[in-house]
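Q: Structure provided below as structure tokens; questions to follow.
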Amino acid sequence: MSDAGADEAQFRAEVAAWARRLGVETRRVTIRAMRRKWGSASSAGRLTFATDLLTQPLEFRAEVIAHELLHLRRGGHGKVFEAVLRAVLARWREEQGGAPDDGRRPAETRG
């Protein structure tokens, strides 16, 4: 998969792969224009992602996808949520042959 971006089918496949990795089930994945966020998740398992996310590099897409899917297991943005997210992304980066976790987190708001 190209690091330069993904088409909608590729992106949906990335979301499905991350859902399997995290052991969560999604009810619906919507891709639409969003001005202030890269994505959102509802407690009912509905995920929404910004269409602009499809043009972002693979690593950034992975961070946003993992972040939103993790909300289906653990709400909020507390210390435990952040620790689990960092650990999951670090493991993924290692599997991809990339750099270890650098402590960054995806932008919650855009602008």
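Going by the structure tokens order, chains are called A, B, ..., each with residues numbered from 1, while ligands are numbered from 1 in the order shown.
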Please provide as a PyMOL selection string all residues within 9 Å of Thr26 in chain A, with the sequence filter that same-chain residues fewer than 4 positions apart are discarded (counting only C-alpha atoms).
A: chain A and resi 16+19+44-47+69+72
Q: Selected residues, C-alpha atoms, written as a short mmCIF file (atom, residue, chain, number, x, y, z; two decimals), in the first residue's frame, please.
A:
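Saved to result05.cif:
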```cif
data_model
loop_
_atom_site.label_atom_id
_atom_site.label_comp_id
_atom_site.auth_asym_id
_atom_site.auth_seq_id
_atom_site.Cartn_x
_atom_site.Cartn_y
_atom_site.Cartn_z
CA ALA A 16 -10.83 -3.59 9.23
CA ALA A 19 -10.25 -3.57 14.20
CA ALA A 44 -22.45 2.17 19.39
CA GLY A 45 -19.48 1.23 17.18
CA ARG A 46 -19.98 3.82 14.46
CA LEU A 47 -16.79 5.41 13.14
CA LEU A 69 -11.00 2.17 17.29
CA LEU A 72 -14.61 1.34 21.24
#
```
Q: Using only C-alpha atoms, which residues sit within 12 Å of range 82-84 of chain A once same-chain residues fewer than 3 positions away are excluded, as number ranges by chain?
A: A: 22, 63, 66-71, 73-79, 87-91, 101, 103-106
Q: May I have the residues from that selection written out with N, CA and C atoms, as a PDB file, in the first residue's frame?
A:
```
ATOM      1  N   LEU A  22      -7.088  -4.933  17.241  1.00  0.00           N
ATOM      2  CA  LEU A  22      -7.501  -4.441  18.557  1.00  0.00           C
ATOM      3  C   LEU A  22      -8.652  -5.250  19.165  1.00  0.00           C
ATOM      4  N   GLU A  63      -2.356   5.969  12.962  1.00  0.00           N
ATOM      5  CA  GLU A  63      -2.522   6.606  14.274  1.00  0.00           C
ATOM      6  C   GLU A  63      -3.963   7.016  14.508  1.00  0.00           C
ATOM      7  N   ALA A  66      -6.267   3.749  14.720  1.00  0.00           N
ATOM      8  CA  ALA A  66      -6.081   3.065  16.007  1.00  0.00           C
ATOM      9  C   ALA A  66      -6.698   3.877  17.140  1.00  0.00           C
ATOM     10  N   HIS A  67      -6.514   5.176  17.102  1.00  0.00           N
ATOM     11  CA  HIS A  67      -7.060   6.069  18.133  1.00  0.00           C
ATOM     12  C   HIS A  67      -8.579   5.921  18.208  1.00  0.00           C
ATOM     13  N   GLU A  68      -9.241   6.027  17.062  1.00  0.00           N
ATOM     14  CA  GLU A  68     -10.708   5.965  17.066  1.00  0.00           C
ATOM     15  C   GLU A  68     -11.206   4.572  17.441  1.00  0.00           C
ATOM     16  N   LEU A  69     -10.568   3.533  16.926  1.00  0.00           N
ATOM     17  CA  LEU A  69     -10.997   2.175  17.285  1.00  0.00           C
ATOM     18  C   LEU A  69     -10.779   1.880  18.758  1.00  0.00           C
ATOM     19  N   LEU A  70      -9.723   2.407  19.318  1.00  0.00           N
ATOM     20  CA  LEU A  70      -9.462   2.180  20.733  1.00  0.00           C
ATOM     21  C   LEU A  70     -10.575   2.766  21.602  1.00  0.00           C
ATOM     22  N   HIS A  71     -11.227   3.810  21.117  1.00  0.00           N
ATOM     23  CA  HIS A  71     -12.365   4.369  21.857  1.00  0.00           C
ATOM     24  C   HIS A  71     -13.501   3.359  22.000  1.00  0.00           C
ATOM     25  N   ARG A  73     -13.080   0.363  22.853  1.00  0.00           N
ATOM     26  CA  ARG A  73     -12.694  -0.455  24.010  1.00  0.00           C
ATOM     27  C   ARG A  73     -12.577   0.371  25.275  1.00  0.00           C
ATOM     28  N   ARG A  74     -12.173   1.620  25.126  1.00  0.00           N
ATOM     29  CA  ARG A  74     -11.858   2.449  26.292  1.00  0.00           C
ATOM     30  C   ARG A  74     -12.178   3.894  25.924  1.00  0.00           C
ATOM     31  N   GLY A  75     -13.127   4.493  26.623  1.00  0.00           N
ATOM     32  CA  GLY A  75     -13.508   5.867  26.325  1.00  0.00           C
ATOM     33  C   GLY A  75     -12.519   6.870  26.879  1.00  0.00           C
ATOM     34  N   GLY A  76     -12.711   8.097  26.514  1.00  0.00           N
ATOM     35  CA  GLY A  76     -11.904   9.191  27.045  1.00  0.00           C
ATOM     36  C   GLY A  76     -10.491   9.216  26.495  1.00  0.00           C
ATOM     37  N   HIS A  77      -9.705  10.138  27.041  1.00  0.00           N
ATOM     38  CA  HIS A  77      -8.309  10.309  26.628  1.00  0.00           C
ATOM     39  C   HIS A  77      -7.391  10.314  27.845  1.00  0.00           C
ATOM     40  N   GLY A  78      -7.708   9.496  28.816  1.00  0.00           N
ATOM     41  CA  GLY A  78      -6.930   9.468  30.050  1.00  0.00           C
ATOM     42  C   GLY A  78      -5.574   8.801  29.867  1.00  0.00           C
ATOM     43  N   LYS A  79      -4.880   8.673  30.977  1.00  0.00           N
ATOM     44  CA  LYS A  79      -3.522   8.108  30.964  1.00  0.00           C
ATOM     45  C   LYS A  79      -3.504   6.675  30.447  1.00  0.00           C
ATOM     46  N   ALA A  87       1.442   1.976  23.110  1.00  0.00           N
ATOM     47  CA  ALA A  87       1.954   0.601  23.038  1.00  0.00           C
ATOM     48  C   ALA A  87       1.523  -0.085  21.744  1.00  0.00           C
ATOM     49  N   VAL A  88       0.271   0.069  21.378  1.00  0.00           N
ATOM     50  CA  VAL A  88      -0.243  -0.546  20.155  1.00  0.00           C
ATOM     51  C   VAL A  88       0.477   0.016  18.934  1.00  0.00           C
ATOM     52  N   LEU A  89       0.659   1.325  18.899  1.00  0.00           N
ATOM     53  CA  LEU A  89       1.329   1.947  17.750  1.00  0.00           C
ATOM     54  C   LEU A  89       2.813   1.584  17.709  1.00  0.00           C
ATOM     55  N   ALA A  90       3.444   1.496  18.868  1.00  0.00           N
ATOM     56  CA  ALA A  90       4.862   1.114  18.908  1.00  0.00           C
ATOM     57  C   ALA A  90       5.042  -0.293  18.358  1.00  0.00           C
ATOM     58  N   ARG A  91       4.180  -1.206  18.759  1.00  0.00           N
ATOM     59  CA  ARG A  91       4.248  -2.589  18.260  1.00  0.00           C
ATOM     60  C   ARG A  91       4.044  -2.613  16.748  1.00  0.00           C
ATOM     61  N   ASP A 101       8.079   4.105  18.977  1.00  0.00           N
ATOM     62  CA  ASP A 101       7.170   5.191  19.346  1.00  0.00           C
ATOM     63  C   ASP A 101       7.942   6.432  19.758  1.00  0.00           C
ATOM     64  N   GLY A 103       6.319   9.132  20.958  1.00  0.00           N
ATOM     65  CA  GLY A 103       5.493   9.853  21.921  1.00  0.00           C
ATOM     66  C   GLY A 103       4.475  10.791  21.304  1.00  0.00           C
ATOM     67  N   ARG A 104       4.469  10.900  19.967  1.00  0.00           N
ATOM     68  CA  ARG A 104       3.499  11.779  19.335  1.00  0.00           C
ATOM     69  C   ARG A 104       2.107  11.143  19.394  1.00  0.00           C
ATOM     70  N   ARG A 105       1.100  11.949  19.210  1.00  0.00           N
ATOM     71  CA  ARG A 105      -0.249  11.429  19.081  1.00  0.00           C
ATOM     72  C   ARG A 105      -0.941  12.177  17.960  1.00  0.00           C
ATOM     73  N   PRO A 106      -1.894  11.557  17.295  1.00  0.00           N
ATOM     74  CA  PRO A 106      -2.547  12.225  16.178  1.00  0.00           C
ATOM     75  C   PRO A 106      -3.266  13.484  16.630  1.00  0.00           C
TER      76      PRO A 106
END
```
Q: As a ChimeraX atom specification, please: all residues of range 43-98 of chain A that backbone DSSP puts in strand (DSSP E).
A: /A:46-50
Q: Any idea what the distance is between CA of Glu25 in chain A and CA of Thr55 in chain A?
A: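 That distance, rounded to one decimal, is 24.9 Å.
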Q: Find, counting only C-alpha atoms, the residue in A:Arg86, A:Glu8, A:Trp18, A:Phe81 that gets nearest to Phe49 in chain A.
A: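 Under the stated criterion, the closest residue is A:Glu8.
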Q: DSSP on the backbone: what in range 31-63 of chain A comes out alpha helix (DSSP H), as an mmCIF file with N, CA and C atoms, in the first residue's frame?
A:
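The result, stored in states09.cif:
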```cif
data_model
loop_
_atom_site.group_PDB
_atom_site.id
_atom_site.type_symbol
_atom_site.label_atom_id
_atom_site.label_comp_id
_atom_site.auth_asym_id
_atom_site.auth_seq_id
_atom_site.Cartn_x
_atom_site.Cartn_y
_atom_site.Cartn_z
ATOM 1 N N LEU A 58 0.560 6.714 5.397
ATOM 2 C CA LEU A 58 0.111 5.499 6.074
ATOM 3 C C LEU A 58 0.246 5.588 7.590
ATOM 4 N N GLU A 59 1.373 6.054 8.084
ATOM 5 C CA GLU A 59 1.575 6.092 9.534
ATOM 6 C C GLU A 59 0.563 7.010 10.222
ATOM 7 N N PHE A 60 0.280 8.150 9.623
ATOM 8 C CA PHE A 60 -0.699 9.059 10.230
ATOM 9 C C PHE A 60 -2.091 8.441 10.190
ATOM 10 N N ARG A 61 -2.451 7.813 9.050
ATOM 11 C CA ARG A 61 -3.755 7.131 8.975
ATOM 12 C C ARG A 61 -3.843 6.075 10.061
ATOM 13 N N ALA A 62 -2.772 5.304 10.257
ATOM 14 C CA ALA A 62 -2.769 4.260 11.279
ATOM 15 C C ALA A 62 -2.997 4.845 12.667
ATOM 16 N N GLU A 63 -2.356 5.969 12.962
ATOM 17 C CA GLU A 63 -2.522 6.606 14.274
ATOM 18 C C GLU A 63 -3.963 7.016 14.508
#
```
Q: Looking at A:Val80, A:Ala6, A:Val64, A:Ala50, which one is nearest to Ala33 in chain A, with distances taken over only C-alpha atoms?
A: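 That would be A:Ala50, the residue with the smallest distance to Ala33 in chain A.
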Q: Can you work out which one of A:Ala17, A:Ala9, A:Leu53, A:Val24 has the shortest atom-to-atom distance to Lys37 in chain A, counting only C-alpha atoms?
A: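 The shortest atom-to-atom distance to Lys37 in chain A comes from A:Leu53.
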Q: Return the single residue from A:Thr30, A:Ser42, A:Thr48, A:Gln56 that is closest to Gly5 in chain A, with distances computed using only C-alpha atoms.
A: A:Gln56
Q: CA of Pro57 in chain A and CA of Trp92 in chain A, how far apart in Å?
A: 14.9 Å
Q: What is the distance between CA of Ser43 in chain A and CA of Arg28 in chain A, in Å to one decimal?
A: 11.7 Å
